[in-house]
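**Student:** Below is one structure. I have some questions about it.
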Amino acid sequence: AEEVVIGAIYPMSGNAAPIGNDAKAALEATAELINGTHPPIPMLMGNGGGLPALGGAKIRVVMADHQNDPQKARAEAERLITQEKVPVLIGSYTSATAATISQVAERYEVPYISMDNSSPSLHRRGLKWYFRTSPHDEMFTEAMFDFFRDIGKKTGRPVKSVALIYEDSIFGVDSSNVQRKLAQEAGIRVAAEVKYRANSPSLSTEAQRLKAAGADVVMPTSYTNDAILMLRAMNEIGYHPRAIMAQAAGFQEPDFIKASGALAEGVFSRSSYAGDAVKARPAIPAVNAAYRARSGKDLNDNTARQVTSLQVLADAINRAGAANPAAIRKALTETAVPGVQLIVPWKGVRFDESGQNVEATPVIQQITSGVYRTVYPFDIASVEAQWNVGG
Amino acid sequence: MGLIYALVAAGLSLIFGLMDVVNFAHGELLMLAMYAAFVLWELSGVDPLLLLPVVALLLFGVGMTLYRGLIARALSVQFNRGMVQIFVTFGLAIFLRGLAQFAFGGEFHSITSGVVAGRTLAVGEVFLPLPQVAASLVCLAAFGALLLINRTEFGRALEATREDREAVALIGIDRDRIFALGWGLGAAAVGIAGVMLATFYYVSPNVGANFALIAYVTVALGGFGSLAGALVAGLLIGQVEALTALLLEPSLKQVGMFAIYLVVLTVRPRGLLGRI
Amino acid sequence: MLRLRDVSASYRGLKALQGVELDVAKGEVVAVVGANRAGKSTLLKAIAGQVATSGEIAFEGQDLRKLRAHEVARLGIGLVPEGRRLFPRLSVEDNLRLGAYAKRGDPDRFRPLELVFSLFPRLQERLRQRAETLSGGEQQMLAIGRALMTQPRLLMLDEPSQGIMPRLVDDILAAVGRIRALGMTVLLVEQRLAEALEIADRAYVLQTGRVVMAGPARDIAADAAVRRAYLGL
Amino acid sequence: MDNAILRRRRAELLGGVIVLAALAVLPLPIGDVYTRNLIIITLLFAGLAQAWNILGGYCGQISLGHALYFGLGAYASTLLFVRLGVPPVFGMVVGGAVGGLGALLVGWPCFRLSGHYYAIATVVVGEIGWLLFLNWDFVGGATGVYVPFQGESWLALQFRTAKLPYHYVALGFLALTWIAAWVIEGSRWGFSWRAVKDDVTAARSLGVRIFPSKMAAAAISGFFTGMGGAIYAQYVGYIDPDSVMAGTLSILIPLPAVLGGVGTLWGPLLGAALLIPLSELSRSYLGGSGRGVDLMLYGALIVLVALARPQGLVSLLGRRGGGDDARAA
Amino acid sequence: MPALLEVRELSKSFGGVAANVDISFDVGQGEILGLIGPNGAGKTSLFNSISGEVTPDRGEIRLEGVRVSGLGPVACAARGIARTFQVVRSFDSMTVLENVMVGAFARARRTRAAMALAEETIDFCGLTGRIDRPAWSLSPPEKRRLEVARALATGPRLLLLDEMLTGLTPTEAQAGVQLVRDVQARGVTIIMVEHVMEVVLPLVSRAVVLNLGRVLTIGSPAEIVRNPEVIRAYLGEKYAPAA
Ligand SMILES: Nc1ncnc2c1ncn2[C@@H]1O[C@H](COP(=O)(O)OP(=O)(O)OP(=O)(O)O)[C@@H](O)[C@H]1O
Ligand SMILES: Nc1ncnc2c1ncn2[C@@H]1O[C@H](COP(=O)(O)OP(=O)(O)OP(=O)(O)O)[C@@H](O)[C@H]1O
Ligand SMILES: [Mg+2]
Ligand SMILES: [Mg+2]
C-alpha cells in the first residue's frame, strides 16, 4: 500500500539534541507499531497493519532538524510541506520553534500537532491549524497545586510557602507566571522568586537565595543541564529542601536522574506520563518495549506524549480517509479518544476551539529508588508519596 | 568559581599571548578535557583527582597536535592572518562539538564518585563544597606552576616569538617548537581546569560555550598576555558574578560582570595588568 | 667557510637573485655592495634560510638549504637584518639575553654582553627600557648587540650604519675590525661604499640580482665604473 | 582622465549590475519553495555580511557584536508594527536607524580599544544586549514577539506562501548594501577608513580623524544590519532574543565576508553563496541523524576555506575588489 | 625671513628619560632647516611634538603665530604640518595612488580632484612607474618616497622629513636631494633629520644640533662642522680636520 509521510521537526543537533534523538526513536517505534504486524495492543491504532481506511497505508515519519532556531524551524516546515509533501507537521519541543512552525502551518493550511510544547501562549493566537495533544503549563501547574491541596488534607501537613526558581526563557517565565498566580489563589506564600540565566556556569548564588527563603517547596522550571547543576548547587551549600516540585522538562530526563544520582531521590515532578500505571493503561508494556528496543531507555514524559500524539494523528488520518490536510484537520477536530486507549494517564483526547486537548490531565510523580513513580492522582498512584513538608 | 575561571582563562591567555588571536575553540578544549576525565573515570573507576596528570598530559598532546596540524598553517598565511585565525579556530570549535556529539552523543554525563564528590565541608555557618575547594586549590597550584614557567627563559622566548615570529629564527629559536609547547601548556592548563570542573559540573558537547565567553572576558579584563592579570580578573569576575546574583537579579549576573569589564576597559584600555 | 654556487631566489615569481656565486673564507671581511633593490638583503636572507632558494649554499661543507632558519642560526650564522626585527615589547636586556637562548646550559653564554656594552654604552644605560621606545639608532645598536650575543662564527650585517650618527658609524665599522680580531668572519652589506670598502678584504658588486664584479676591496674601490655608479663621483 | 582605479570601478559597477540582474531572474525558473527560501536567506546574509564588511572589512574594526544591531532593527520594526501598526516598510528604515544609533552608542566606549580588546568588547556588548532583552518584559522578554499574519500586503511585507516578494526585498537589501559599499570604496570616507585600518598613526598624520571615521563606519554598518534584522523579523514572523540577538549570530554575520574576502565588494556575496546553502543543506540532509555529522562537516569546511583561501574566495576571481591582492599580512 | 614655526622652551620626557629639554628655535618661511644630533638626542621626539603626535610637557609650538602644540595630529595636519616617519608606515593594502589619495583628501573633497592631485604629486616624487603597485611591494627607498608624496599631497606648509635619505647609495641620495629642493621650490618649508652629513649640509641653510635632549647649537652648516662640541658629540674626529 502507499505511504503517508508525516513531517517531524525536532532539535537534532545542538544543546537539545538528546531530546530530538529520543523523539526520533519514539516516533519510529510508534510508527512501527501502527504499521507492523503483531498481536493487537490494547490502544488506539494498536492493531498494526497500517491505516485500514487508506487500504493499509503505512505511515512514515521524516525527521527535520530545527537546531532550536525559529528561522530554521520555519524553513524546515516549508521544506517538509512543499518538498516532502507532508500533509501534517508534528514537533517541536521548544516554544520558539513551535511559534514559527505553527505560522507556516497556518499559511500553508496544513495541520500542526504540537506534541510536547507546554507554553500556554501557543494555543491562544487564534490559529486554525494548530493542535496540541499535550497539557500546557497551566494545566500542569494546576495539577501541582491540586496535589498540594490534597496531600495537605491527607497528611495534615499542608504547603504554606513555595520558592520559584526558573530559567529566563519563554518556558521559565510562563511557568513561573502561572505558579505565582495559582499560589496566590491557593493562599500559599511565594517566599522567593529566582529567575536565573539558563546554562549558567554556576548556580551557587541562586541556591543560596533559595536556602535563605527556606520555603516548604522549591518549584524549579529548568532544562536538563540546569536541573543537574541546581541540585548539586543546593547540596553543596547543604540545602536540602523539604520538597522539590519540578515543572518536568529537565527534571524528567533520564540524563538528569543518571547524572544526579542520589541527589535526585524524592524529587516530585509533574508529568503527563505514568509509566507505572500499567493497570489503568494496559498498552504501556508493549509500547515501552518497542521504544526500549530502539533507544535502550524507558518512555518518559516527552516520549510518551510523542507516542500518544502520533497515535491520535494516525487515528485522525485514518478517520479522514485521505492524507489531505483539510480532511485531517476536520478529523482532528472531531477526535474523541477515551483515556484507556492511550498510554498516558489522561482522561482522553478532545480538542477545543483553540486546538488544545482539554482532557489532558497530568499526574504528579516522585523519584523513588532512581525511577519516577506516580503518586497523584491517588487513584492511579503506584506508591505512596514521601511527604516531608511540615514534618 | 573565580579560580576556575582564572585557570581556564590562563590557558587561553597563554595561547592568546602566543598567537595573538582569539582562540574560539578554547571552550571546546575544556569540553574535551571534561570528556577525557569522564571517560577515563568510567573506564577505570579511579578517583578523578588521580586522573589529573593523565588528562593534563593528554590535553598537552592535543594542544601540540592542534598547533602542528592546524594553527601553524593558519599562522603561515600571508593574508589577513588575524581573521583567518579567528575563523579557523571557530570552525575547529564547531567541528569539535560535532565530534563530541558523534562520539558521546548529546547526553549529559557527570562524574559521581571520588574523594571529593558531592561532599561538603561545613565550617560553622558556611558550607564549602569539597569539589570546589579542591578545584580551587588545584587551580591555584597549576597557576603557580604556569607563572613560574612564564618567568623562565622559555617564557621569555615565548614572548619573543609572539613579538616577531620570523626574527626569532635569527637567534636560533625554533618558533614551531616554542609555539607548540605554548599551545600544549595552554591546553594542559585547560585540561586541569576541565578535570576539576568535571568533579562538580555536568559534561555535554556544548558545555564549553558556557565558559568560553567568560574566559575571553577574563583574559581581556586581566590584559592580554598577562597571567597574573588573568588570575586577578578571574577572581574579580567570580566575585562580581556572585554579588550581582545576590543583590540584583540572578538572571542578570552576567550583565553585572560584563558591565564591570566594560567599565574597567574604558578606564584601562589594556586591561588590569596588560601590556599589549 | 661559506660557498654559494648558482644561487637564485625570487619573491612570488619576482626574481631577486640569479645565479649568484660567492665565497667567504674564514676570518675574512667581505663586503657586498650595489644599488637599491640589487638583491643584497635577499642574498643575506637566502644564506640565513629566510627565503626559498635554488642552487647550492654550503657553510663549512654543510648544505644550508636543507636546514630551517633557526638551525642555520644555531650553526653559528648571525644576521643583523634590514629593519632590525627586534622584539619591540621586550626590554633591551631581554632582547640581548634572548640572543644567547640557543646556548642554554653554557655558563659562558652571556659573556658577549661585555663586548656589546663596550661597543654601545648607551644600551647599558637603557637595559630596562622597551625596545620599541628606543630611538632609531639605539635600535640599530641593539640589533647588532643581539646578533653578537648568539656568538656567531659568521656575522652578516645588513646596512649596520643605517640611521647611525656619523661618529658612531666609524665606531661600528671599527667594531667590525674588532669583531674580526675575535675570530669572527663578517659578511657586510653597506651603502657607504667608501667606508665599507676600506675595512673589507674583498667585495662583490651586485646588480639586479647578479654578481657583476668581484675582487679585492681596494680594486673595486678604485674601479671607475663603480665610483661613477655608486659614489656619484 | 582615465586610470586603473577608475577603470576598475567602472568594471565593478557593470559587474554589479549584471550580477544583480541575474539574481533578479534567478528564482523565476525555480518553483521549489525550499530552494527559494534558501536563496532568500543567502541574499539576506550576503547583505548583512556586506553591512558588517563596511565596518569590519573597510575600516578594519573586527566587530563580533553585530547581532545587537540586527536585533535592535528586528525589534524596532516589529514592535512598531505589532503595537502601533506602523507598516514594516517604514519600520525597516526606523529599524536601520535604531541599529545605526546602537552602533554609535557601542562605538563611543569601544572605539577607544584596539585589536582584540575591541573585538572582545563587542562580544560582551552584544551579550549584554541579549541578556537585557531576555529580561525586558516590554519587548516580550524571553517570550519573544509574534508577528500575526494580517493578509497579503506589500506595505506590511506579508505574503501567505509566496516567496518571490521576499526574494526581491532581500535582493533590494543586498543591492543597497552593495551599492553603499561601492560608493564608499570610491569616496573620501572609504579611503580614510582603509587608511585607519592599515595604519592609524600614519592616517592621523594625514589629517584623517580616526574616531569620527570609525563612528561613521559603525553607523552605516549598524544601519544596514538593523535593516536586515527588520527584514528577517518580517520574513520569519517571530522574533525572540535567542534568534535575533544571540552571540552565534554575531559570528554568522561576518562569516560570509571573511570566507569570501574582507574589505572587498564581492567577498560577502560569494561567501554567503557558498556558506549558507552548505550549512542549510548539511543540516537538512545530515542533521536528521542527530549525530553531529553536519556540524563536523560545516566546521571542517570553514577551517579548510579559511586556510586554503586566506584572502577569501574573491581571490579566485583574480585581481579585483579594492586591490585586495595587496592585502598583506 | 618671517618665522613660520616657533618652538619655545619645549620639554618632553618619557618616564625617567628626558627626550626634549627646553628647546627653542625658529624656522623661517621657505627655509630648509637641518635637525641633527646623536642617536637618541630627541629629534624624532621633537617631530612628534611638532606634528601633534605627542603633547609636550612644557613649552609651546606656534605655526604663523598660532599655537598648535597639544592640538593633536589631525589639527596639526589641517594647519599644514605634514611629516614622514623614521620607520616607514605605508597603507599596505592600498596601491601607491590610493596611498597618496588619502593625503590628497585633506585638500580635496571630491574623489576626482583628489585623484588628480595625487597623480600629480606621484609624478613629482618620481614614482610614476609604480602608481598602481600595491604599497607593500615597494622597496624601502620607494616607500620613503611614497611617504613624501603622501605628506606633500596634503598641501603642507611645513614638511618634517625624518631620515628620508637613509639607506640610499650616494647616487640615489642625489636624486632625493633634488626632490627636497623641488619641494622647497614649491614654497614648502622643510625640517629634515638626517645623519648623512654629505647630504644634509649642502642642502640646509641652518641646522639645529640636539644633544641629550637639549639644543647644543644652532648655526649655518659651516659653523656646525667647525663647532668642537658638535664634533665631539656627534660628528666624530673625521670631521675635525675639515674644520
Ligand atoms: N618581501 C619581499 N616581497 C617581494 N619582493 C621583495 C621583497 N623583498 C625584496 N623584494 C624585491 O627583491 C628585489 C631585491 O631586493 P633586496 O631587498 O634584496 O635589495 P637590496 O639590494 O637589499 O636593496 P636595498 O638597498 O634597498 O636594501 C627587489 O626588486 C625587491 O623589490
Ligand atoms: N615612549 C618612550 N618611552 C621611553 N623613552 C623614550 C620613548 N620615546 C623615546 N624615548 C627615548 O627618548 C630619547 C629620544 O628619542 P628620539 O627617538 O627622539 O631620538 P632621535 O634623536 O630621533 O634618535 P635617532 O637619530 O637614533 O633616531 C631616546 O633615548 C629614546 O630612548
Ligand atoms: Mg637591503
Ligand atoms: Mg629618530
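Please note that chains go A, B, ... in the order of the C-alpha cells, that every chain numbers its residues from 1, and that ligands are numbered from 1 in the order shown.
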Using only C-alpha atoms and all ligand atoms, determine which residues fall within 12 Å of ligand 4, then list them as a ChimeraX atom specification.

**Tutor:** /C:132-140,162-165 /E:19,35-48,84-88,160-164,166,192-195,210,213

**Student:** Write out as a ChimeraX atom specification each polymer residue (protein, DNA or RNA) that has an atom no more than 12 Å from ligand 3, with only C-alpha atoms and all ligand atoms counted.

**Tutor:** /C:16,32-45,80-84,157-160,162,188-191,206,209 /E:138-141,166-169

**Student:** Would you mind listing, as number ranges by chain, all residues of chain A that have at least one atom within 10 Å of chain B, where only C-alpha atoms are what counts?

**Tutor:** A: 12-21, 166-168, 193-206, 208-209, 224-226, 228-229, 232-239, 253-256, 258-263

**Student:** Would you kindly report the residues of chain B within 8 Å of chain C, using only C-alpha atoms, as a list in words?

**Tutor:** Glu153, Arg156, Ala157, Glu159, Ala160, Glu163, Asp164, Ala167, Val168, Ala169, Leu170, Ile171, Gly172, Ile173, Asp174 and Ile276 of chain B

**Student:** Would you output that residue set with N, CA, C and O atoms, as an mmCIF file, in the first residue's frame?

**Tutor:**
```cif
data_model
loop_
_atom_site.group_PDB
_atom_site.id
_atom_site.type_symbol
_atom_site.label_atom_id
_atom_site.label_comp_id
_atom_site.auth_asym_id
_atom_site.auth_seq_id
_atom_site.Cartn_x
_atom_site.Cartn_y
_atom_site.Cartn_z
ATOM 1 N N GLU B 153 63.388 31.313 31.048
ATOM 2 C CA GLU B 153 63.845 31.777 29.760
ATOM 3 C C GLU B 153 62.890 31.323 28.664
ATOM 4 O O GLU B 153 62.665 32.015 27.681
ATOM 5 N N ARG B 156 60.288 33.795 28.273
ATOM 6 C CA ARG B 156 60.750 34.956 27.528
ATOM 7 C C ARG B 156 60.793 34.635 26.029
ATOM 8 O O ARG B 156 60.399 35.433 25.196
ATOM 9 N N ALA B 157 61.242 33.434 25.720
ATOM 10 C CA ALA B 157 61.312 33.035 24.318
ATOM 11 C C ALA B 157 59.911 33.019 23.706
ATOM 12 O O ALA B 157 59.707 33.400 22.559
ATOM 13 N N GLU B 159 57.443 34.908 24.583
ATOM 14 C CA GLU B 159 57.055 36.293 24.322
ATOM 15 C C GLU B 159 57.722 36.812 23.062
ATOM 16 O O GLU B 159 57.095 37.461 22.235
ATOM 17 N N ALA B 160 59.009 36.502 22.956
ATOM 18 C CA ALA B 160 59.746 36.983 21.790
ATOM 19 C C ALA B 160 59.135 36.422 20.514
ATOM 20 O O ALA B 160 58.990 37.123 19.519
ATOM 21 N N GLU B 163 56.227 38.306 19.532
ATOM 22 C CA GLU B 163 56.575 39.625 19.020
ATOM 23 C C GLU B 163 56.965 39.588 17.554
ATOM 24 O O GLU B 163 56.533 40.418 16.773
ATOM 25 N N ASP B 164 57.793 38.652 17.214
ATOM 26 C CA ASP B 164 58.260 38.603 15.836
ATOM 27 C C ASP B 164 58.599 37.159 15.505
ATOM 28 O O ASP B 164 59.673 36.673 15.830
ATOM 29 N N ALA B 167 61.729 36.699 13.223
ATOM 30 C CA ALA B 167 63.052 37.109 13.705
ATOM 31 C C ALA B 167 63.626 36.166 14.744
ATOM 32 O O ALA B 167 64.833 36.121 14.926
ATOM 33 N N VAL B 168 62.791 35.405 15.458
ATOM 34 C CA VAL B 168 63.366 34.519 16.475
ATOM 35 C C VAL B 168 64.290 33.494 15.851
ATOM 36 O O VAL B 168 65.206 33.015 16.503
ATOM 37 N N ALA B 169 64.037 33.180 14.589
ATOM 38 C CA ALA B 169 64.916 32.214 13.940
ATOM 39 C C ALA B 169 66.347 32.728 13.921
ATOM 40 O O ALA B 169 67.304 31.972 13.990
ATOM 41 N N LEU B 170 66.501 34.045 13.870
ATOM 42 C CA LEU B 170 67.832 34.635 13.806
ATOM 43 C C LEU B 170 68.650 34.324 15.042
ATOM 44 O O LEU B 170 69.865 34.345 15.002
ATOM 45 N N ILE B 171 67.955 34.110 16.162
ATOM 46 C CA ILE B 171 68.723 33.791 17.358
ATOM 47 C C ILE B 171 68.569 32.311 17.697
ATOM 48 O O ILE B 171 68.702 31.900 18.837
ATOM 49 N N GLY B 172 68.272 31.534 16.687
ATOM 50 C CA GLY B 172 68.284 30.090 16.858
ATOM 51 C C GLY B 172 67.092 29.525 17.600
ATOM 52 O O GLY B 172 67.154 28.438 18.147
ATOM 53 N N ILE B 173 65.982 30.259 17.636
ATOM 54 C CA ILE B 173 64.797 29.726 18.297
ATOM 55 C C ILE B 173 63.875 29.118 17.248
ATOM 56 O O ILE B 173 63.588 29.743 16.229
ATOM 57 N N ASP B 174 63.439 27.891 17.529
ATOM 58 C CA ASP B 174 62.520 27.224 16.607
ATOM 59 C C ASP B 174 61.109 27.623 16.976
ATOM 60 O O ASP B 174 60.568 27.183 17.979
ATOM 61 N N ILE B 276 50.013 44.723 26.303
ATOM 62 C CA ILE B 276 49.949 44.745 24.851
ATOM 63 C C ILE B 276 48.776 45.602 24.388
ATOM 64 O O ILE B 276 47.654 45.343 24.760
#
```

**Student:** Could you list, as a PyMOL selection string, the residues of chain D having an atom within 8 Å of chain B when counting only C-alpha atoms?

**Tutor:** chain D and resi 109-110+112-113+116-117+120-121+124-125+128+131-132+135+255+258+291-304+306-307+310-311+327-329

**Student:** Show me, as a list in words, every residue of chain A with an atom at most 7 Å from chain D, counting only C-alpha atoms.

**Tutor:** Met12, Ser13, Ala17, Asn21, Met63, Ala64, Asp65, Asp69, Pro70, Gln71, Ala75, Glu78, Arg79, Thr82, Ala99, Thr100, Arg107, Tyr108, Asp168, Ser169 and Ile170 of chain A

**Student:** Per DSSP on the backbone, what are the helix (DSSP H, G or I) residues of stretch 34-247 of chain D, as number ranges by chain?

**Tutor:** D: 34-58, 66-84, 88-110, 115-135, 137-139, 141-143, 164-185, 188-198, 200-205, 210-236, 241-244, 247

**Student:** Could you pull the residues within 7 Å of C:Ser54, counting only C-alpha atoms, minus those fewer than 3 positions along the same chain, as a PyMOL selection string?

**Tutor:** chain C and resi 7-9

**Student:** Would you mind exporting the chosen residues as a compact mmCIF listing (two decimals), in the first residue's frame, restricted to N, CA and C atoms?

**Tutor:**
```
# COMPACT_ATOMS: atom_id res chain seq x y z
N VAL C 7 73.20 30.43 -7.00
CA VAL C 7 72.05 30.62 -6.12
C VAL C 7 71.05 31.61 -6.74
N SER C 8 69.79 31.19 -6.80
CA SER C 8 68.73 32.08 -7.28
C SER C 8 67.62 32.13 -6.24
N ALA C 9 66.97 33.26 -6.20
CA ALA C 9 65.84 33.37 -5.27
C ALA C 9 64.82 34.30 -5.89
```

**Student:** Could you jot down the atom CA of C:Leu22 to atom CA of C:Leu2 separation for me, Å, one decimal place?

**Tutor:**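 Answer for the atom CA of C:Leu22 to atom CA of C:Leu2 separation: 7.9 Å.
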
**Student:** When you draw a straight line from atom CA of C:Ala46 to atom 7 (C, counted along the ligand's line) of ligand 1, how long is it in Å?

**Tutor:**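 About the pair atom CA of C:Ala46 and atom 7 (C, counted along the ligand's line) of ligand 1: they are 11.9 Å apart.
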
**Student:** Taking only stretch 134-265 of chain D into account, list the residues labelled strand (DSSP E) by DSSP (computed from the backbone), as a list in words.

**Tutor:**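 Residues of stretch 134-265 of chain D classed as strand (DSSP E): Val145, Tyr146, Tyr238 and Ile239 of chain D.
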
**Student:** Can I get the selected residues back with C-alpha atoms, as an mmCIF file, in the first residue's frame?

**Tutor:**
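Result file is part-v9.cif:
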```cif
data_model
loop_
_atom_site.group_PDB
_atom_site.id
_atom_site.type_symbol
_atom_site.label_atom_id
_atom_site.label_comp_id
_atom_site.auth_asym_id
_atom_site.auth_seq_id
_atom_site.Cartn_x
_atom_site.Cartn_y
_atom_site.Cartn_z
ATOM 1 C CA VAL D 145 7.267 38.808 19.727
ATOM 2 C CA TYR D 146 4.940 37.079 17.382
ATOM 3 C CA TYR D 238 8.543 35.579 15.100
ATOM 4 C CA ILE D 239 11.475 37.009 16.991
#
```

**Student:** Compile the contact shell of A:Asp22 as a VMD selection string: residues with an atom at most 9 Å away, counting only C-alpha atoms, same-chain residues fewer than 3 positions apart removed.

**Tutor:** chain A and resid 17 to 19 25 to 27 295 297 302 to 303

**Student:** Please, could you write that set of residues out with N, CA, C and O atoms as a PDB file, in the first residue's frame?

**Tutor:**
```
ATOM      1  N   ALA A  17      19.828  18.335  21.445  1.00  0.00           N
ATOM      2  CA  ALA A  17      19.872  17.189  20.537  1.00  0.00           C
ATOM      3  C   ALA A  17      19.376  15.878  21.169  1.00  0.00           C
ATOM      4  O   ALA A  17      18.697  15.095  20.502  1.00  0.00           O
ATOM      5  N   PRO A  18      19.684  15.616  22.435  1.00  0.00           N
ATOM      6  CA  PRO A  18      19.199  14.356  23.021  1.00  0.00           C
ATOM      7  C   PRO A  18      17.684  14.232  22.933  1.00  0.00           C
ATOM      8  O   PRO A  18      17.156  13.144  22.670  1.00  0.00           O
ATOM      9  N   ILE A  19      16.996  15.343  23.109  1.00  0.00           N
ATOM     10  CA  ILE A  19      15.538  15.334  23.013  1.00  0.00           C
ATOM     11  C   ILE A  19      15.118  14.868  21.622  1.00  0.00           C
ATOM     12  O   ILE A  19      14.233  14.033  21.460  1.00  0.00           O
ATOM     13  N   ALA A  25      13.376   8.130  18.052  1.00  0.00           N
ATOM     14  CA  ALA A  25      13.161   6.729  18.430  1.00  0.00           C
ATOM     15  C   ALA A  25      11.697   6.476  18.779  1.00  0.00           C
ATOM     16  O   ALA A  25      11.105   5.469  18.357  1.00  0.00           O
ATOM     17  N   ALA A  26      11.118   7.396  19.529  1.00  0.00           N
ATOM     18  CA  ALA A  26       9.734   7.205  19.965  1.00  0.00           C
ATOM     19  C   ALA A  26       8.791   7.192  18.773  1.00  0.00           C
ATOM     20  O   ALA A  26       7.896   6.337  18.662  1.00  0.00           O
ATOM     21  N   LEU A  27       8.994   8.132  17.860  1.00  0.00           N
ATOM     22  CA  LEU A  27       8.105   8.233  16.708  1.00  0.00           C
ATOM     23  C   LEU A  27       8.260   7.018  15.800  1.00  0.00           C
ATOM     24  O   LEU A  27       7.278   6.462  15.296  1.00  0.00           O
ATOM     25  N   SER A 295      15.936   2.565  21.673  1.00  0.00           N
ATOM     26  CA  SER A 295      16.711   3.603  22.344  1.00  0.00           C
ATOM     27  C   SER A 295      17.437   3.102  23.574  1.00  0.00           C
ATOM     28  O   SER A 295      18.324   3.773  24.083  1.00  0.00           O
ATOM     29  N   LYS A 297      16.119   2.977  26.358  1.00  0.00           N
ATOM     30  CA  LYS A 297      15.601   3.711  27.502  1.00  0.00           C
ATOM     31  C   LYS A 297      14.126   3.404  27.684  1.00  0.00           C
ATOM     32  O   LYS A 297      13.482   2.871  26.773  1.00  0.00           O
ATOM     33  N   ASN A 302       8.250  13.155  27.835  1.00  0.00           N
ATOM     34  CA  ASN A 302       8.279  13.657  26.453  1.00  0.00           C
ATOM     35  C   ASN A 302       7.942  12.569  25.451  1.00  0.00           C
ATOM     36  O   ASN A 302       7.072  12.741  24.588  1.00  0.00           O
ATOM     37  N   THR A 303       8.660  11.465  25.575  1.00  0.00           N
ATOM     38  CA  THR A 303       8.491  10.440  24.547  1.00  0.00           C
ATOM     39  C   THR A 303       7.082   9.840  24.580  1.00  0.00           C
ATOM     40  O   THR A 303       6.512   9.536  23.530  1.00  0.00           O
TER      41      THR A 303
END
```

**Student:** Using only C-alpha atoms, determine which residues lie at most 8 Å from E:Ser51, disregarding the query and same-chain residues fewer than 5 positions distant; provide the list as a PyMOL selection string.

**Tutor:** (chain D and resi 205) or (chain E and resi 72-73+76-77+81-83)

**Student:** Would you write out those residues with C-alpha atoms, as a PDB file, in the first residue's frame?

**Tutor:**
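This went into result.pdb:
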```
ATOM      1  CA  SER D 205      49.273  62.408  10.442  1.00  0.00           C
TER       2      SER D 205
ATOM      3  CA  GLY E  72      46.690  66.543  18.141  1.00  0.00           C
ATOM      4  CA  PRO E  73      47.924  65.243  14.810  1.00  0.00           C
ATOM      5  CA  CYS E  76      48.215  69.938  13.012  1.00  0.00           C
ATOM      6  CA  ALA E  77      47.757  68.280   9.650  1.00  0.00           C
ATOM      7  CA  ILE E  81      52.093  70.353   9.080  1.00  0.00           C
ATOM      8  CA  ALA E  82      52.955  67.117   7.334  1.00  0.00           C
ATOM      9  CA  ARG E  83      55.572  64.536   8.190  1.00  0.00           C
TER      10      ARG E  83
END
```

**Student:** Counting only C-alpha atoms, figure out which residue out of E:Asp132, E:Asp22, E:Glu229, E:Glu172 gets nearest to chain C.

**Tutor:**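 That would be E:Glu172, the residue with the smallest distance to chain C.
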
**Student:** Which distance in Å separates atom CA of E:Ile131 and atom CA of E:Ser93, to one decimal?

**Tutor:**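 Those two atoms sit 13.9 Å apart.
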
**Student:** Can you work out which residues from chain E touch chain D at a cut-off of 10 Å (counting only C-alpha atoms) and hand them back as a ChimeraX atom specification?

**Tutor:** /E:48,51-53,72-85,88-95,97-112,114-116,119,131-137,147,150-154,156

**Student:** I want to know what sits within 7 Å of D:Gly91, based on only C-alpha atoms, with residues of the same chain fewer than 5 positions away left out; could you give that as a list in words?

**Tutor:**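 Those residues are Ser77, Leu80 and Val86 of chain D.
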
**Student:** Can you write out the residues you just picked, keeping N, CA, C and O atoms, as a compact mmCIF listing (two decimals), in the first residue's frame?

**Tutor:**
```txt
# COMPACT_ATOMS: atom_id res chain seq x y z
N SER D 77 11.33 47.43 14.32
CA SER D 77 10.31 47.41 13.27
C SER D 77 9.13 46.53 13.68
O SER D 77 7.98 46.85 13.43
N LEU D 80 6.99 48.25 16.37
CA LEU D 80 6.24 49.35 15.75
C LEU D 80 5.03 48.80 15.01
O LEU D 80 3.95 49.38 15.04
N VAL D 86 2.61 50.49 12.58
CA VAL D 86 3.43 51.14 11.56
C VAL D 86 3.87 50.08 10.55
O VAL D 86 4.44 49.07 10.92
```
